[in-house]
>>> print(open('model10.cif').read())   # mmCIF, C-alpha atoms
data_final
loop_
_atom_site.group_PDB
_atom_site.id
_atom_site.type_symbol
_atom_site.label_atom_id
_atom_site.label_comp_id
_atom_site.auth_asym_id
_atom_site.auth_seq_id
_atom_site.Cartn_x
_atom_site.Cartn_y
_atom_site.Cartn_z
ATOM 1 C CA MET A 26 1.778 -83.032 -157.146
ATOM 2 C CA GLN A 27 -1.955 -82.457 -157.385
ATOM 3 C CA ASP A 28 -2.473 -84.400 -154.130
ATOM 4 C CA LEU A 29 0.043 -82.317 -152.164
ATOM 5 C CA ASP A 30 -1.016 -79.312 -150.113
ATOM 6 C CA ILE A 31 1.374 -76.751 -151.544
ATOM 7 C CA PHE A 32 2.010 -73.043 -151.452
ATOM 8 C CA LEU A 33 3.219 -71.684 -154.775
ATOM 9 C CA LYS A 34 5.509 -68.677 -154.647
ATOM 10 C CA THR A 35 5.916 -66.777 -157.921
ATOM 11 C CA LYS A 36 9.048 -64.772 -158.604
ATOM 12 C CA ARG A 37 8.916 -61.040 -157.945
ATOM 13 C CA PRO A 38 11.647 -58.569 -158.947
ATOM 14 C CA GLY A 39 14.713 -59.268 -156.856
ATOM 15 C CA ASP A 40 13.638 -62.746 -155.709
ATOM 16 C CA ASN A 41 16.100 -65.626 -155.794
ATOM 17 C CA LEU A 42 13.859 -68.662 -155.613
ATOM 18 C CA PRO A 43 16.586 -71.302 -156.158
ATOM 19 C CA GLY A 44 18.551 -69.640 -153.367
ATOM 20 C CA GLU A 45 15.539 -69.728 -151.071
ATOM 21 C CA ALA A 46 15.069 -73.413 -151.842
ATOM 22 C CA ALA A 47 18.739 -74.087 -151.053
ATOM 23 C CA SER A 48 18.294 -72.285 -147.724
ATOM 24 C CA LEU A 49 15.215 -74.305 -146.810
ATOM 25 C CA ARG A 50 16.900 -77.592 -147.681
ATOM 26 C CA TRP A 51 20.068 -76.716 -145.758
ATOM 27 C CA LEU A 52 18.134 -75.870 -142.606
ATOM 28 C CA ALA A 53 15.997 -78.997 -142.999
ATOM 29 C CA GLU A 54 19.120 -81.166 -142.796
ATOM 30 C CA ALA A 55 19.034 -80.609 -139.020
ATOM 31 C CA GLU A 56 15.533 -82.050 -138.565
ATOM 32 C CA PRO A 57 16.568 -85.712 -138.109
ATOM 33 C CA ASP A 58 18.744 -84.582 -135.192
ATOM 34 C CA GLY A 59 15.964 -82.624 -133.505
ATOM 35 C CA GLY A 60 16.028 -79.400 -135.523
ATOM 36 C CA VAL A 61 13.030 -77.199 -136.287
ATOM 37 C CA HIS A 62 10.595 -78.294 -138.955
ATOM 38 C CA ILE A 63 11.280 -76.369 -142.169
ATOM 39 C CA ALA A 64 8.735 -75.888 -144.945
ATOM 40 C CA ARG A 65 9.337 -78.685 -147.463
ATOM 41 C CA VAL A 66 10.522 -77.821 -150.957
ATOM 42 C CA PHE A 67 8.638 -79.719 -153.662
ATOM 43 C CA ARG A 68 10.029 -78.055 -156.756
ATOM 44 C CA VAL A 69 11.791 -74.881 -157.790
ATOM 45 C CA ASP A 70 12.958 -73.098 -160.896
ATOM 46 C CA GLU A 71 13.799 -69.506 -161.725
ATOM 47 C CA THR A 72 10.156 -68.412 -161.726
ATOM 48 C CA GLU A 73 8.300 -70.590 -159.184
ATOM 49 C CA LEU A 74 8.917 -72.209 -155.818
ATOM 50 C CA ALA A 75 6.471 -74.839 -154.547
ATOM 51 C CA ILE A 76 6.689 -75.481 -150.813
ATOM 52 C CA GLU A 77 4.645 -77.108 -148.100
ATOM 53 C CA ARG A 78 1.598 -75.071 -147.080
ATOM 54 C CA VAL A 79 1.621 -74.408 -143.343
ATOM 55 C CA HIS A 80 -1.634 -74.483 -141.410
ATOM 56 C CA GLU A 81 -1.223 -72.166 -138.448
ATOM 57 C CA THR A 82 -2.652 -72.758 -134.984
ATOM 58 C CA MET A 83 -2.855 -70.650 -131.840
ATOM 59 C CA PRO A 84 0.505 -70.381 -130.058
ATOM 60 C CA THR A 85 0.829 -72.323 -126.820
ATOM 61 C CA ALA A 86 3.554 -72.420 -124.203
ATOM 62 C CA ALA A 87 4.204 -76.055 -125.102
ATOM 63 C CA SER A 88 4.669 -75.188 -128.781
ATOM 64 C CA ALA A 89 6.933 -72.249 -127.917
ATOM 65 C CA ARG A 90 9.134 -74.402 -125.751
ATOM 66 C CA ALA A 91 9.279 -77.121 -128.397
ATOM 67 C CA PHE A 92 10.407 -74.485 -130.875
ATOM 68 C CA GLY A 93 13.122 -73.228 -128.536
ATOM 69 C CA ARG A 94 14.534 -76.708 -128.036
ATOM 70 C CA ALA A 95 14.399 -77.493 -131.751
ATOM 71 C CA LEU A 96 16.020 -74.198 -132.765
ATOM 72 C CA ALA A 97 18.968 -75.037 -130.528
ATOM 73 C CA HIS A 98 19.463 -78.245 -132.521
ATOM 74 C CA THR A 99 19.166 -76.435 -135.852
ATOM 75 C CA HIS A 100 21.915 -74.043 -134.814
ATOM 76 C CA ALA A 101 24.009 -77.004 -133.665
ATOM 77 C CA ALA A 102 24.081 -78.367 -137.232
ATOM 78 C CA GLY A 103 26.794 -75.772 -137.724
ATOM 79 C CA ALA A 104 28.283 -73.985 -140.694
ATOM 80 C CA PRO A 105 31.819 -73.923 -142.096
ATOM 81 C CA TRP A 106 32.521 -70.172 -141.826
ATOM 82 C CA TRP A 107 31.018 -66.819 -140.902
ATOM 83 C CA GLY A 108 28.572 -65.611 -143.543
ATOM 84 C CA CYS A 109 28.723 -68.760 -145.626
ATOM 85 C CA PRO A 110 25.760 -69.528 -147.893
ATOM 86 C CA PRO A 111 23.803 -72.784 -147.812
ATOM 87 C CA ASP A 112 25.011 -75.844 -149.667
ATOM 88 C CA ASP A 113 24.085 -75.776 -153.369
ATOM 89 C CA TRP A 114 24.121 -71.959 -153.408
ATOM 90 C CA VAL A 115 25.152 -70.842 -156.867
ATOM 91 C CA ARG A 116 24.560 -67.095 -156.972
ATOM 92 C CA PRO A 117 24.549 -64.240 -156.154
ATOM 93 C CA SER A 118 26.912 -63.077 -153.383
ATOM 94 C CA TRP A 119 24.055 -61.590 -151.362
ATOM 95 C CA VAL A 120 20.598 -62.447 -150.059
ATOM 96 C CA GLY A 121 17.250 -60.690 -150.112
ATOM 97 C CA HIS A 122 16.050 -57.426 -151.594
ATOM 98 C CA SER A 123 18.442 -55.686 -149.183
ATOM 99 C CA HIS A 124 21.436 -57.338 -150.888
ATOM 100 C CA THR A 125 22.786 -58.447 -147.523
ATOM 101 C CA PRO A 126 26.272 -59.846 -148.274
ATOM 102 C CA LEU A 127 27.191 -63.496 -148.124
ATOM 103 C CA VAL A 128 30.775 -64.761 -147.991
ATOM 104 C CA LEU A 129 30.969 -67.237 -150.842
ATOM 105 C CA ASP A 130 34.668 -68.102 -150.539
ATOM 106 C CA GLU A 131 36.070 -69.550 -147.321
ATOM 107 C CA THR A 132 39.401 -67.861 -148.073
ATOM 108 C CA GLN A 133 37.596 -64.516 -147.685
ATOM 109 C CA ALA A 134 35.962 -65.461 -144.376
ATOM 110 C CA ALA A 135 36.426 -63.224 -141.356
ATOM 111 C CA PRO A 136 38.671 -64.527 -138.558
ATOM 112 C CA ASN A 137 36.091 -63.855 -135.856
ATOM 113 C CA TRP A 138 32.398 -63.090 -135.441
ATOM 114 C CA GLY A 139 32.943 -59.410 -134.677
ATOM 115 C CA THR A 140 34.822 -58.772 -137.905
ATOM 116 C CA PHE A 141 32.176 -60.578 -139.934
ATOM 117 C CA TYR A 142 29.368 -58.674 -138.212
ATOM 118 C CA ALA A 143 31.119 -55.333 -138.644
ATOM 119 C CA ASP A 144 32.064 -55.839 -142.284
ATOM 120 C CA SER A 145 29.035 -57.694 -143.628
ATOM 121 C CA ARG A 146 26.130 -56.610 -141.416
ATOM 122 C CA ILE A 147 26.817 -53.105 -140.054
ATOM 123 C CA GLU A 148 29.388 -51.164 -142.072
ATOM 124 C CA VAL A 149 27.960 -52.176 -145.439
ATOM 125 C CA PHE A 150 24.601 -50.605 -144.572
ATOM 126 C CA ALA A 151 26.097 -47.626 -142.739
ATOM 127 C CA GLU A 152 28.032 -46.845 -145.912
ATOM 128 C CA ARG A 153 24.895 -47.115 -148.052
ATOM 129 C CA LEU A 154 22.942 -44.860 -145.689
ATOM 130 C CA SER A 155 25.795 -42.339 -145.696
ATOM 131 C CA ASP A 156 26.135 -42.378 -149.475
ATOM 132 C CA ARG A 157 22.401 -41.810 -149.800
ATOM 133 C CA GLY A 158 22.510 -38.877 -147.398
ATOM 134 C CA ASP A 159 20.300 -40.557 -144.796
ATOM 135 C CA ILE A 160 22.875 -40.176 -142.015
ATOM 136 C CA ASP A 161 25.367 -37.384 -141.388
ATOM 137 C CA ALA A 162 29.053 -37.614 -140.525
ATOM 138 C CA ALA A 163 28.426 -37.724 -136.781
ATOM 139 C CA GLN A 164 25.935 -40.578 -137.133
ATOM 140 C CA ARG A 165 28.271 -42.460 -139.445
ATOM 141 C CA ALA A 166 30.993 -42.081 -136.820
ATOM 142 C CA VAL A 167 28.776 -43.922 -134.321
ATOM 143 C CA PHE A 168 28.695 -46.964 -136.586
ATOM 144 C CA ASP A 169 32.427 -46.661 -137.255
ATOM 145 C CA ARG A 170 33.221 -46.722 -133.525
ATOM 146 C CA LEU A 171 31.037 -49.762 -133.025
ATOM 147 C CA CYS A 172 32.675 -51.555 -135.938
ATOM 148 C CA ASP A 173 36.109 -50.861 -134.457
ATOM 149 C CA ARG A 174 35.034 -52.520 -131.204
ATOM 150 C CA LEU A 175 33.500 -55.434 -133.076
ATOM 151 C CA ARG A 176 36.625 -56.064 -135.139
ATOM 152 C CA ALA A 177 38.718 -55.951 -131.974
ATOM 153 C CA GLY A 178 36.655 -58.875 -130.687
ATOM 154 C CA GLU A 179 35.194 -57.011 -127.716
ATOM 155 C CA PHE A 180 31.787 -58.622 -128.225
ATOM 156 C CA ASP A 181 32.948 -62.075 -129.302
ATOM 157 C CA VAL A 182 31.495 -64.819 -127.116
ATOM 158 C CA VAL A 183 31.185 -68.556 -127.515
ATOM 159 C CA GLN A 184 28.219 -70.144 -129.247
ATOM 160 C CA PRO A 185 25.493 -71.853 -127.187
ATOM 161 C CA ALA A 186 26.449 -75.181 -125.668
ATOM 162 C CA LEU A 187 25.006 -77.542 -128.291
ATOM 163 C CA VAL A 188 26.811 -75.736 -131.112
ATOM 164 C CA ARG A 189 30.115 -76.068 -129.260
ATOM 165 C CA GLU A 190 29.492 -79.675 -128.264
ATOM 166 C CA ALA A 191 28.916 -80.503 -131.935
ATOM 167 C CA GLY A 192 32.369 -79.100 -132.666
ATOM 168 C CA HIS A 193 31.287 -75.917 -134.437
ATOM 169 C CA THR A 194 32.452 -72.342 -134.091
ATOM 170 C CA VAL A 195 29.740 -71.068 -136.464
ATOM 171 C CA ALA A 196 26.020 -71.803 -136.107
ATOM 172 C CA ARG A 197 23.590 -72.717 -138.882
ATOM 173 C CA ASN A 198 21.279 -69.678 -138.830
ATOM 174 C CA HIS A 199 17.879 -69.050 -140.386
ATOM 175 C CA GLY A 200 19.074 -65.493 -140.988
ATOM 176 C CA ASP A 201 15.702 -63.721 -141.148
ATOM 177 C CA LEU A 202 14.078 -65.021 -137.998
ATOM 178 C CA TRP A 203 11.443 -62.386 -137.329
ATOM 179 C CA GLY A 204 8.011 -63.411 -136.090
ATOM 180 C CA GLY A 205 6.401 -63.473 -139.533
ATOM 181 C CA ASN A 206 8.653 -66.327 -140.587
ATOM 182 C CA VAL A 207 7.795 -68.409 -137.515
ATOM 183 C CA MET A 208 4.482 -70.184 -138.046
ATOM 184 C CA TYR A 209 3.013 -71.913 -135.014
ATOM 185 C CA ASP A 210 1.467 -75.137 -136.294
ATOM 186 C CA GLY A 211 1.090 -77.384 -133.257
ATOM 187 C CA GLY A 212 3.483 -79.931 -134.745
ATOM 188 C CA PRO A 213 6.287 -81.828 -132.994
ATOM 189 C CA THR A 214 8.644 -78.826 -133.097
ATOM 190 C CA GLY A 215 5.903 -76.311 -132.369
ATOM 191 C CA VAL A 216 6.419 -74.281 -135.517
ATOM 192 C CA THR A 217 7.385 -74.418 -139.169
ATOM 193 C CA LEU A 218 9.963 -71.933 -140.396
ATOM 194 C CA ILE A 219 9.705 -70.223 -143.794
ATOM 195 C CA ASP A 220 11.531 -67.578 -145.862
ATOM 196 C CA PRO A 221 15.113 -67.964 -144.600
ATOM 197 C CA TYR A 222 18.271 -66.055 -145.452
ATOM 198 C CA ALA A 223 20.213 -69.110 -144.251
ATOM 199 C CA GLN A 224 23.868 -68.489 -143.466
ATOM 200 C CA GLY A 225 26.649 -69.189 -141.025
ATOM 201 C CA GLY A 226 26.362 -66.861 -138.058
ATOM 202 C CA HIS A 227 26.088 -66.506 -134.316
ATOM 203 C CA ALA A 228 23.075 -68.222 -132.767
ATOM 204 C CA GLU A 229 22.439 -65.136 -130.622
ATOM 205 C CA THR A 230 21.615 -63.177 -133.792
ATOM 206 C CA ASP A 231 18.751 -65.516 -134.687
ATOM 207 C CA LEU A 232 17.428 -65.389 -131.118
ATOM 208 C CA ALA A 233 17.631 -61.598 -130.993
ATOM 209 C CA SER A 234 15.838 -61.302 -134.327
ATOM 210 C CA LEU A 235 12.784 -62.907 -132.729
ATOM 211 C CA ALA A 236 12.479 -59.793 -130.555
ATOM 212 C CA VAL A 237 12.640 -57.158 -133.302
ATOM 213 C CA PHE A 238 8.960 -57.199 -134.268
ATOM 214 C CA GLY A 239 7.772 -59.480 -131.506
ATOM 215 C CA LEU A 240 6.875 -63.152 -131.344
ATOM 216 C CA PRO A 241 4.099 -64.625 -129.212
ATOM 217 C CA LEU A 242 5.586 -66.448 -126.208
ATOM 218 C CA ARG A 243 9.141 -65.509 -127.121
ATOM 219 C CA ALA A 244 10.185 -65.740 -123.468
ATOM 220 C CA ASP A 245 9.185 -69.405 -123.449
ATOM 221 C CA VAL A 246 11.127 -69.998 -126.667
ATOM 222 C CA VAL A 247 14.327 -68.514 -125.277
ATOM 223 C CA ALA A 248 13.969 -70.168 -121.874
ATOM 224 C CA ALA A 249 13.595 -73.621 -123.441
ATOM 225 C CA TYR A 250 16.510 -72.923 -125.788
ATOM 226 C CA ASP A 251 18.726 -71.908 -122.879
ATOM 227 C CA GLU A 252 17.770 -75.034 -120.923
ATOM 228 C CA VAL A 253 18.986 -77.439 -123.596
ATOM 229 C CA SER A 254 21.791 -75.270 -125.006
ATOM 230 C CA PRO A 255 22.913 -72.708 -122.416
ATOM 231 C CA LEU A 256 23.801 -69.296 -123.793
ATOM 232 C CA ALA A 257 27.001 -67.447 -122.945
ATOM 233 C CA ASP A 258 26.894 -65.245 -119.866
ATOM 234 C CA GLY A 259 25.567 -61.747 -120.515
ATOM 235 C CA TRP A 260 23.453 -62.705 -123.517
ATOM 236 C CA ARG A 261 20.609 -60.404 -122.447
ATOM 237 C CA GLU A 262 22.914 -57.396 -122.649
ATOM 238 C CA ARG A 263 23.867 -58.347 -126.217
ATOM 239 C CA VAL A 264 20.330 -58.674 -127.597
ATOM 240 C CA GLY A 265 20.288 -55.099 -128.910
ATOM 241 C CA LEU A 266 23.656 -55.569 -130.599
ATOM 242 C CA HIS A 267 22.392 -58.618 -132.452
ATOM 243 C CA GLU A 268 19.096 -56.888 -133.308
ATOM 244 C CA LEU A 269 21.050 -54.119 -135.015
ATOM 245 C CA ALA A 270 21.701 -56.159 -138.157
ATOM 246 C CA MET A 271 17.988 -56.390 -138.873
ATOM 247 C CA ILE A 272 17.248 -52.786 -137.847
ATOM 248 C CA ILE A 273 19.966 -51.196 -139.983
ATOM 249 C CA MET A 274 18.959 -53.385 -142.927
ATOM 250 C CA HIS A 275 15.404 -52.044 -142.547
ATOM 251 C CA ALA A 276 16.812 -48.519 -142.335
ATOM 252 C CA TYR A 277 18.378 -49.047 -145.747
ATOM 253 C CA LYS A 278 15.236 -50.582 -147.233
ATOM 254 C CA TYR A 279 12.562 -48.381 -145.688
ATOM 255 C CA ALA A 280 14.308 -45.354 -144.082
ATOM 256 C CA GLY A 281 11.899 -43.599 -141.701
ATOM 257 C CA GLY A 282 12.212 -44.322 -138.003
ATOM 258 C CA TYR A 283 14.504 -47.282 -138.606
ATOM 259 C CA ILE A 284 17.380 -44.856 -139.251
ATOM 260 C CA GLU A 285 17.169 -43.228 -135.824
ATOM 261 C CA ALA A 286 16.555 -46.607 -134.192
ATOM 262 C CA SER A 287 19.685 -48.084 -135.755
ATOM 263 C CA VAL A 288 21.854 -45.131 -134.730
ATOM 264 C CA ASN A 289 20.528 -45.291 -131.170
ATOM 265 C CA LEU A 290 21.169 -49.020 -130.948
ATOM 266 C CA ALA A 291 24.719 -48.636 -132.255
ATOM 267 C CA ARG A 292 25.377 -45.840 -129.764
ATOM 268 C CA ARG A 293 24.562 -48.212 -126.889
ATOM 269 C CA TYR A 294 27.497 -50.409 -127.827
ATOM 270 C CA CYS A 295 30.123 -47.969 -129.061
#
>>> encode(input="model10.cif", output="structure tokens")
Amino acid sequence: MQDLDIFLKTKRPGDNLPGEAASLRWLAEAEPDGGVHIARVFRVDETELAIERVHETMPTAASARAFGRALAHTHAAGAPWWGCPPDDWVRPSWVGHSHTPLVLDETQAAPNWGTFYADSRIEVFAERLSDRGDIDAAQRAVFDRLCDRLRAGEFDVVQPALVREAGHTVARNHGDLWGGNVMYDGGPTGVTLIDPYAQGGHAETDLASLAVFGLPLRADVVAAYDEVSPLADGWRERVGLHELAMIIMHAYKYAGGYIEASVNLARRYC
């Protein structure tokens, strides 16, 4: 271990290091089939997680396009149901300091993406914001109307082509794919991914998350993704809907302008 270039992560309150390791390993299963490079796990226990140290480089269009192609293959590894945790997940029934719900039991899985997204990504946080007094009844009603449309399947679309061709309805998602977790390294897949909330989801959610706080050369990433695994028609119009999960989660964690931003985003789709 002394000869390995490692990054040692020490447990902070609320961290689930074994869960993070399970997420990294699950995503890494896609690498032999062209998936994105995932930070290697060397060891983990309840207090420490040792992973590969990533040496960042300047982003290039070539690296961005390599990332887009590789991400399409990671998603195509698939997942058994909406909101499922990674293999070897033991506990708890949520991820992150936000306590974003996971669906541990397949018998409790939603029948369609919209129901999963409404129940486990939007309504859960709208209820917390309402209970805390951060949103009023009229604002809560905005989220309720959107959730009704989601559950009715009005926004359900097929997964990108490679996910479908692999026989999956549910994609294998990173789950927290904002720019800070995408580390350009100049390697074969352009980047190394870190800090996942890995789960079964819609590939469009991962892609939209890249836009929330910005990612250098994101347009190249998405264009390359779409070339190898074409997205469903109208995907651009759904970006804000898929961003909402991350925005409303931040509203719960940090309040401030995220609250208004989440309400405004929901209003666009309700």
>>> resolve_selection(input="model10.cif", expression="the PyMOL selection byres ((chain A and resi 204) around 6)", output="PyMOL selection string")
chain A and resi 203+205-207+235+240
>>> atom_distance(input="model10.cif", atom1="atom CA of A:Thr132", atom2="atom CA of A:Ser48")
21.6 Å
>>> resolve_selection(input="model10.cif", expression="the PyMOL selection byres ((chain A and resi 241) around 9)", output="VMD selection string")
chain A and resid 84 to 85 89 204 239 to 240 242 to 244
>>> closest_residue(input="model10.cif", among="A:Arg65, A:His193, A:Arg157, A:Arg174", to="A:Leu33", atoms="all atoms listed in the file")
A:Arg65
>>> residues_around(input="model10.cif", residues="A:Val246", least_positions_apart="5", cutoff="7 Å", atoms="all atoms listed in the file", output="PDB file with C-alpha atoms, in the frame of the given file")
ATOM      1  CA  ALA A  89       6.933 -72.249-127.917  1.00  0.00           C
ATOM      2  CA  ARG A  90       9.134 -74.402-125.751  1.00  0.00           C
ATOM      3  CA  PHE A  92      10.407 -74.485-130.875  1.00  0.00           C
ATOM      4  CA  GLY A  93      13.122 -73.228-128.536  1.00  0.00           C
TER       5      GLY A  93
END
>>> residues_around(input="model10.cif", residues="A:Ala102", least_positions_apart="4", cutoff="7 Å", atoms="only C-alpha atoms", output="compact mmCIF listing (two decimals) with C-alpha atoms, in the coordinates of the input")
# COMPACT_ATOMS: atom_id res chain seq x y z
CA ALA A 55 19.03 -80.61 -139.02
CA HIS A 98 19.46 -78.24 -132.52
CA ALA A 196 26.02 -71.80 -136.11
CA ARG A 197 23.59 -72.72 -138.88
>>> residues_around(input="model10.cif", residues="A:Leu175", least_positions_apart="5", cutoff="10 Å", atoms="all atoms listed in the file", output="NGL selection string")
:A and (137-144 or 147 or 169-170 or 180-181 or 294-295)
>>> residues_around(input="model10.cif", residues="stretch 69-80 of chain A", least_positions_apart="4", cutoff="9 Å", atoms="all atoms listed in the file", output="count of residues only")
22
>>> residues_around(input="model10.cif", residues="A:Ala91", least_positions_apart="6", cutoff="9 Å", atoms="all atoms listed in the file", output="tab-separated table (two decimals) with C-alpha atoms, keeping the file's coordinate frame")
chain	number	residue	atom	x	y	z
A	61	VAL	CA	13.03	-77.20	-136.29
A	213	PRO	CA	6.29	-81.83	-132.99
A	214	THR	CA	8.64	-78.83	-133.10
A	215	GLY	CA	5.90	-76.31	-132.37
A	216	VAL	CA	6.42	-74.28	-135.52
A	246	VAL	CA	11.13	-70.00	-126.67
A	249	ALA	CA	13.60	-73.62	-123.44
A	250	TYR	CA	16.51	-72.92	-125.79
>>> closest_residue(input="model10.cif", among="A:Leu202, A:Ala166, A:Val247, A:Ala191", to="A:Arg261", atoms="only C-alpha atoms")
A:Val247
>>> closest_residue(input="model10.cif", among="A:Ala223, A:Val195, A:Ala86, A:Ala101", to="A:Ser254", atoms="only C-alpha atoms")
A:Ala101
>>> resolve_selection(input="model10.cif", expression="the PyMOL selection byres ((chain A and resi 149) around 12)", output="VMD selection string")
chain A and resid 119 123 to 127 141 to 148 150 to 156 165 168 to 169 172 270 273 to 274 277
>>> atom_distance(input="model10.cif", atom1="atom CA of A:Trp106", atom2="atom CA of A:Gly59")
22.3 Å
>>> atom_distance(input="model10.cif", atom1="atom CA of A:Leu187", atom2="atom CA of A:Val253")
7.6 Å
>>> closest_residue(input="model10.cif", among="A:Ala257, A:Leu218, A:Ala236, A:Ala162", to="A:Val183", atoms="only C-alpha atoms")
A:Ala257
>>> build_atoms(input="model10.cif", residues="stretch 169-189 of chain A", atoms="N, CA and C atoms", output="PDB file, in the coordinates of the input")
ATOM      1  N   ASP A 169      31.002 -46.374-137.109  1.00  0.00           N
ATOM      2  CA  ASP A 169      32.427 -46.661-137.255  1.00  0.00           C
ATOM      3  C   ASP A 169      33.049 -47.065-135.925  1.00  0.00           C
ATOM      4  N   ARG A 170      32.674 -46.375-134.845  1.00  0.00           N
ATOM      5  CA  ARG A 170      33.221 -46.722-133.525  1.00  0.00           C
ATOM      6  C   ARG A 170      32.780 -48.117-133.105  1.00  0.00           C
ATOM      7  N   LEU A 171      31.519 -48.420-133.362  1.00  0.00           N
ATOM      8  CA  LEU A 171      31.037 -49.762-133.025  1.00  0.00           C
ATOM      9  C   LEU A 171      31.789 -50.813-133.824  1.00  0.00           C
ATOM     10  N   CYS A 172      31.978 -50.575-135.107  1.00  0.00           N
ATOM     11  CA  CYS A 172      32.675 -51.555-135.938  1.00  0.00           C
ATOM     12  C   CYS A 172      34.111 -51.761-135.471  1.00  0.00           C
ATOM     13  N   ASP A 173      34.756 -50.713-134.998  1.00  0.00           N
ATOM     14  CA  ASP A 173      36.109 -50.861-134.457  1.00  0.00           C
ATOM     15  C   ASP A 173      36.099 -51.808-133.253  1.00  0.00           C
ATOM     16  N   ARG A 174      35.128 -51.654-132.381  1.00  0.00           N
ATOM     17  CA  ARG A 174      35.034 -52.520-131.204  1.00  0.00           C
ATOM     18  C   ARG A 174      34.712 -53.960-131.618  1.00  0.00           C
ATOM     19  N   LEU A 175      33.828 -54.098-132.601  1.00  0.00           N
ATOM     20  CA  LEU A 175      33.500 -55.434-133.076  1.00  0.00           C
ATOM     21  C   LEU A 175      34.729 -56.133-133.649  1.00  0.00           C
ATOM     22  N   ARG A 176      35.455 -55.453-134.512  1.00  0.00           N
ATOM     23  CA  ARG A 176      36.625 -56.064-135.139  1.00  0.00           C
ATOM     24  C   ARG A 176      37.696 -56.415-134.108  1.00  0.00           C
ATOM     25  N   ALA A 177      37.752 -55.663-133.035  1.00  0.00           N
ATOM     26  CA  ALA A 177      38.718 -55.951-131.974  1.00  0.00           C
ATOM     27  C   ALA A 177      38.304 -57.154-131.135  1.00  0.00           C
ATOM     28  N   GLY A 178      37.106 -57.685-131.394  1.00  0.00           N
ATOM     29  CA  GLY A 178      36.655 -58.875-130.687  1.00  0.00           C
ATOM     30  C   GLY A 178      36.047 -58.601-129.331  1.00  0.00           C
ATOM     31  N   GLU A 179      35.692 -57.349-129.040  1.00  0.00           N
ATOM     32  CA  GLU A 179      35.194 -57.011-127.716  1.00  0.00           C
ATOM     33  C   GLU A 179      33.842 -57.644-127.412  1.00  0.00           C
ATOM     34  N   PHE A 180      33.102 -58.021-128.439  1.00  0.00           N
ATOM     35  CA  PHE A 180      31.787 -58.622-128.225  1.00  0.00           C
ATOM     36  C   PHE A 180      31.754 -60.102-128.618  1.00  0.00           C
ATOM     37  N   ASP A 181      32.901 -60.663-128.936  1.00  0.00           N
ATOM     38  CA  ASP A 181      32.948 -62.075-129.302  1.00  0.00           C
ATOM     39  C   ASP A 181      32.702 -62.946-128.065  1.00  0.00           C
ATOM     40  N   VAL A 182      31.751 -63.839-128.168  1.00  0.00           N
ATOM     41  CA  VAL A 182      31.495 -64.819-127.116  1.00  0.00           C
ATOM     42  C   VAL A 182      31.274 -66.179-127.766  1.00  0.00           C
ATOM     43  N   VAL A 183      31.358 -67.218-126.978  1.00  0.00           N
ATOM     44  CA  VAL A 183      31.185 -68.556-127.515  1.00  0.00           C
ATOM     45  C   VAL A 183      29.737 -68.774-127.938  1.00  0.00           C
ATOM     46  N   GLN A 184      29.554 -69.734-128.824  1.00  0.00           N
ATOM     47  CA  GLN A 184      28.219 -70.144-129.247  1.00  0.00           C
ATOM     48  C   GLN A 184      27.526 -70.863-128.090  1.00  0.00           C
ATOM     49  N   PRO A 185      26.195 -71.037-128.181  1.00  0.00           N
ATOM     50  CA  PRO A 185      25.493 -71.853-127.187  1.00  0.00           C
ATOM     51  C   PRO A 185      26.070 -73.268-127.112  1.00  0.00           C
ATOM     52  N   ALA A 186      25.773 -73.927-125.997  1.00  0.00           N
ATOM     53  CA  ALA A 186      26.449 -75.181-125.668  1.00  0.00           C
ATOM     54  C   ALA A 186      26.347 -76.252-126.751  1.00  0.00           C
ATOM     55  N   LEU A 187      25.153 -76.468-127.318  1.00  0.00           N
ATOM     56  CA  LEU A 187      25.006 -77.542-128.291  1.00  0.00           C
ATOM     57  C   LEU A 187      25.842 -77.303-129.549  1.00  0.00           C
ATOM     58  N   VAL A 188      25.981 -76.048-129.945  1.00  0.00           N
ATOM     59  CA  VAL A 188      26.811 -75.736-131.112  1.00  0.00           C
ATOM     60  C   VAL A 188      28.257 -76.123-130.819  1.00  0.00           C
ATOM     61  N   ARG A 189      28.732 -75.756-129.650  1.00  0.00           N
ATOM     62  CA  ARG A 189      30.115 -76.068-129.260  1.00  0.00           C
ATOM     63  C   ARG A 189      30.320 -77.567-129.100  1.00  0.00           C
TER      64      ARG A 189
END
